[in-house]
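Student: Following this line is query.pdb, made up of PDB, C-alpha atoms:
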ATOM      1  CA  MET U   1      53.606  93.611  46.174
ATOM      2  CA  ILE U   2      54.929  90.471  44.513
ATOM      3  CA  THR U   3      56.034  90.568  40.907
ATOM      4  CA  LYS U   4      57.270  87.638  38.896
ATOM      5  CA  SER U   5      59.912  88.435  36.326
ATOM      6  CA  ASN U   6      60.678  84.820  35.669
ATOM      7  CA  THR U   7      59.300  81.506  36.898
ATOM      8  CA  ARG U   8      62.447  80.950  38.970
ATOM      9  CA  HIS U   9      62.806  84.429  40.493
ATOM     10  CA  VAL U  10      60.314  86.189  42.706
ATOM     11  CA  ARG U  11      60.843  89.820  43.629
ATOM     12  CA  VAL U  12      59.171  91.183  46.744
ATOM     13  CA  GLU U  13      58.781  94.901  47.278
ATOM     14  CA  ALA U  14      57.785  96.072  50.731
ATOM     15  CA  SER U  15      55.900  99.253  51.397
ATOM     16  CA  GLU U  16      57.729 102.070  53.185
ATOM     17  CA  SER U  17      56.042 101.345  56.521
ATOM     18  CA  GLU U  18      56.905  97.641  56.309
ATOM     19  CA  ALA U  19      60.510  98.497  55.452
ATOM     20  CA  ALA U  20      60.791 100.885  58.386
ATOM     21  CA  THR U  21      59.382  98.299  60.778
ATOM     22  CA  SER U  22      61.726  95.590  59.550
ATOM     23  CA  GLN U  23      64.778  97.847  59.899
ATOM     24  CA  ASN U  24      63.804  99.104  63.357
ATOM     25  CA  PRO U  25      61.805  96.551  65.358
ATOM     26  CA  THR U  26      61.078  99.102  68.111
ATOM     27  CA  ALA U  27      59.579 101.657  65.682
ATOM     28  CA  ASN U  28      56.076 100.988  66.994
ATOM     29  CA  ASN U  29      57.119 101.033  70.649
ATOM     30  CA  PRO U  30      60.205 103.257  71.036
ATOM     31  CA  LEU U  31      62.218 103.241  74.220
ATOM     32  CA  PRO U  32      62.426 106.509  76.164
ATOM     33  CA  ARG U  33      65.534 108.585  75.483
ATOM     34  CA  LEU U  34      67.867 108.705  78.470
ATOM     35  CA  ALA U  35      70.520 110.973  76.950
ATOM     36  CA  TYR U  36      70.971 113.381  74.075
ATOM     37  CA  THR U  37      73.876 114.436  71.891
ATOM     38  CA  MET U  38      75.275 117.935  72.164
ATOM     39  CA  ARG U  39      73.380 118.991  69.020
ATOM     40  CA  GLU U  40      70.099 117.571  70.325
ATOM     41  CA  THR U  41      70.675 119.270  73.680
ATOM     42  CA  ALA U  42      71.264 122.575  71.899
ATOM     43  CA  GLU U  43      67.978 122.128  70.051
ATOM     44  CA  ILE U  44      66.109 121.271  73.262
ATOM     45  CA  LEU U  45      67.525 124.326  75.059
ATOM     46  CA  GLY U  46      67.093 126.586  72.037
ATOM     47  CA  VAL U  47      70.769 127.554  71.912
ATOM     48  CA  SER U  48      73.651 126.885  69.570
ATOM     49  CA  TYR U  49      75.972 123.885  69.648
ATOM     50  CA  ILE U  50      78.870 126.084  70.753
ATOM     51  CA  THR U  51      76.810 127.364  73.715
ATOM     52  CA  VAL U  52      76.300 123.788  74.900
ATOM     53  CA  HIS U  53      80.047 123.243  74.495
ATOM     54  CA  ARG U  54      80.725 126.337  76.636
ATOM     55  CA  LEU U  55      78.236 125.242  79.288
ATOM     56  CA  LEU U  56      80.010 121.886  79.514
ATOM     57  CA  LYS U  57      83.414 123.565  79.717
ATOM     58  CA  ARG U  58      82.229 125.898  82.524
ATOM     59  CA  GLY U  59      80.698 123.019  84.460
ATOM     60  CA  LYS U  60      77.125 124.317  84.146
ATOM     61  CA  LEU U  61      76.141 121.109  82.331
ATOM     62  CA  ARG U  62      77.630 117.665  82.855
ATOM     63  CA  ALA U  63      78.042 115.052  80.155
ATOM     64  CA  SER U  64      78.947 111.409  80.144
ATOM     65  CA  ASP U  65      82.305 110.713  78.558
ATOM     66  CA  ALA U  66      81.985 106.947  78.815
ATOM     67  CA  ILE U  67      81.663 106.770  75.053
ATOM     68  CA  ARG U  68      83.471 108.564  72.268
ATOM     69  CA  ASN U  69      80.818 111.252  71.815
ATOM     70  CA  LYS U  70      79.561 113.284  74.726
ATOM     71  CA  VAL U  71      75.974 112.631  75.704
ATOM     72  CA  ILE U  72      73.978 114.694  78.161
ATOM     73  CA  PRO U  73      71.462 112.806  80.314
ATOM     74  CA  TYR U  74      67.878 114.050  80.226
ATOM     75  CA  THR U  75      67.953 114.497  84.009
ATOM     76  CA  GLU U  76      71.009 116.749  83.652
ATOM     77  CA  ILE U  77      69.171 118.972  81.173
ATOM     78  CA  GLU U  78      66.246 119.211  83.604
ATOM     79  CA  ARG U  79      68.617 120.036  86.490
ATOM     80  CA  PHE U  80      70.309 122.756  84.458
ATOM     81  CA  LEU U  81      66.976 124.369  83.613
ATOM     82  CA  ARG U  82      65.726 124.126  87.196
ATOM     83  CA  ASP U  83      68.936 125.570  88.690
ATOM     84  CA  SER U  84      69.261 128.354  86.122
ATOM     85  CA  LEU U  85      65.843 129.851  86.827
ATOM     86  CA  PRO U  86      65.918 133.069  88.838
ATOM     87  CA  PRO U  87      64.446 132.862  92.342
ATOM     88  CA  VAL U  88      60.760 133.699  92.637
ATOM     89  CA  LYS U  89      60.114 137.053  94.314
ATOM     90  CA  ARG U  90      57.314 136.920  96.838
ATOM     91  CA  LYS U  91      55.418 139.989  97.933
TER      92      LYS U  91
END
For the file at hand, write its structure as structure tokens.

Tutor:
Amino acid sequence: MITKSNTRHVRVEASESEAATSQNPTANNPLPRLAYTMRETAEILGVSYITVHRLLKRGKLRASDAIRNKVIPYTEIERFLRDSLPPVKRK
């Protein structure tokens, strides 16, 4: 919406969707997530943040420490879930 408060000044107000698109150009086509923070990993696994911290400390989960905050790759979360399942009993 364009409003004119004066002949020299033009004020443009963008809608919320236009503002979101201009701030994040990939909003319509997001890239796949390759890694998650410890809090996001806890939410994915359905456990607390401290449990994820303990799993990392025990070596059950591995995180990248290439950056300041630890991030856990999606493939590592999948591996943890796959390896932590009990073996299937066959009759």

Student: Distance atom CA of Arg79 of chain U-atom CA of Lys60 of chain U, one decimal place?

Tutor: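 Atom CA of Lys60 of chain U lies at a distance of 9.8 Å from atom CA of Arg79 of chain U.
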
Student: Please determine, counting all atoms listed in the file, which residue among U:Thr37, U:Gly46, U:Leu85, U:Leu31 has the shortest atom-to-atom distance to Pro73 of chain U.

Tutor: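 Closest to Pro73 of chain U of all the choices is U:Thr37.
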
Student: Around segment 85-91 of chain U, with edges along x, y and z and 4 Å added on all six sides, what centre and edge lengths do you get, in Å to one decimal, as AutoDock Vina command-line options?

Tutor:
--center_x 60.7 --center_y 134.9 --center_z 92.4 --size_x 18.5 --size_y 18.1 --size_z 19.1

Student: Just to confirm, what's the straight-line distance from atom CA of Lys70 of chain U to atom CA of Met38 of chain U in Å (one decimal)?

Tutor: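 Computing it gives 6.8 Å between the two atoms.
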
Student: With a distance cut-off of 8 Å and only C-alpha atoms, select the neighbouring residues of Leu61 of chain U, excluding the residue or stretch itself and same-chain residues fewer than 5 positions from it, and output the selection as a list in words.

Tutor: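 My reading of the contact set: Val52, Leu55, Leu56, Ile72, Glu76, Ile77 and Phe80 of chain U.
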
Student: Can you write just those residues out, C-alpha atoms, as a JSON list (two decimals), in the frame of the given file?

Tutor:
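So again.json came out as:
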[["chain", "number", "residue", "atom", "x", "y", "z"],
["U", 52, "VAL", "CA", 76.30, 123.79, 74.90],
["U", 55, "LEU", "CA", 78.24, 125.24, 79.29],
["U", 56, "LEU", "CA", 80.01, 121.89, 79.51],
["U", 72, "ILE", "CA", 73.98, 114.69, 78.16],
["U", 76, "GLU", "CA", 71.01, 116.75, 83.65],
["U", 77, "ILE", "CA", 69.17, 118.97, 81.17],
["U", 80, "PHE", "CA", 70.31, 122.76, 84.46]]

Student: Just checking: using all atoms listed in the file, which residue out of U:Lys89, U:Arg58, U:Ser64, U:Ser84 ends up closest to Leu34 of chain U?

Tutor: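 Of U:Lys89, U:Arg58, U:Ser64, U:Ser84, the one nearest Leu34 of chain U is U:Ser64, counting all atoms listed in the file.
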
Student: Just to confirm, what's the straight-line distance from atom CA of Ser48 of chain U to atom CA of Tyr74 of chain U in Å (one decimal)?

Tutor: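 Computed distance, atom CA of Ser48 of chain U to atom CA of Tyr74 of chain U, equals 17.7 Å.
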
Student: Could I get segment 50-67 of chain U rebuilt with N, CA and C atoms, written as a compact mmCIF listing (two decimals), in the coordinates of the input?

Tutor:
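For reference, part00.txt as written:
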# COMPACT_ATOMS: atom_id res chain seq x y z
N ILE U 50 77.71 125.53 70.05
CA ILE U 50 78.87 126.08 70.75
C ILE U 50 78.50 126.54 72.17
N THR U 51 77.26 126.99 72.37
CA THR U 51 76.81 127.36 73.72
C THR U 51 76.77 126.14 74.62
N VAL U 52 76.30 125.03 74.11
CA VAL U 52 76.30 123.79 74.90
C VAL U 52 77.74 123.39 75.22
N HIS U 53 78.63 123.54 74.27
CA HIS U 53 80.05 123.24 74.50
C HIS U 53 80.60 124.13 75.62
N ARG U 54 80.26 125.41 75.60
CA ARG U 54 80.72 126.34 76.64
C ARG U 54 80.13 126.00 78.00
N LEU U 55 78.87 125.63 78.02
CA LEU U 55 78.24 125.24 79.29
C LEU U 55 78.92 124.02 79.89
N LEU U 56 79.29 123.07 79.05
CA LEU U 56 80.01 121.89 79.51
C LEU U 56 81.39 122.27 80.04
N LYS U 57 82.07 123.14 79.33
CA LYS U 57 83.41 123.56 79.72
C LYS U 57 83.40 124.32 81.05
N ARG U 58 82.36 125.12 81.28
CA ARG U 58 82.23 125.90 82.52
C ARG U 58 81.69 125.07 83.68
N GLY U 59 81.23 123.87 83.40
CA GLY U 59 80.70 123.02 84.46
C GLY U 59 79.23 123.26 84.76
N LYS U 60 78.55 124.04 83.94
CA LYS U 60 77.12 124.32 84.15
C LYS U 60 76.27 123.12 83.73
N LEU U 61 76.76 122.36 82.76
CA LEU U 61 76.14 121.11 82.33
C LEU U 61 77.18 120.01 82.47
N ARG U 62 76.72 118.81 82.77
CA ARG U 62 77.63 117.66 82.86
C ARG U 62 77.25 116.65 81.79
N ALA U 63 78.27 116.05 81.20
CA ALA U 63 78.04 115.05 80.16
C ALA U 63 78.79 113.77 80.50
N SER U 64 78.28 112.69 79.99
CA SER U 64 78.95 111.41 80.14
C SER U 64 80.03 111.30 79.10
N ASP U 65 81.23 110.92 79.52
CA ASP U 65 82.30 110.71 78.56
C ASP U 65 82.70 109.24 78.51
N ALA U 66 81.74 108.39 78.83
CA ALA U 66 81.98 106.95 78.82
C ALA U 66 82.11 106.42 77.39
N ILE U 67 81.55 107.16 76.45
CA ILE U 67 81.66 106.77 75.05
C ILE U 67 82.41 107.86 74.30
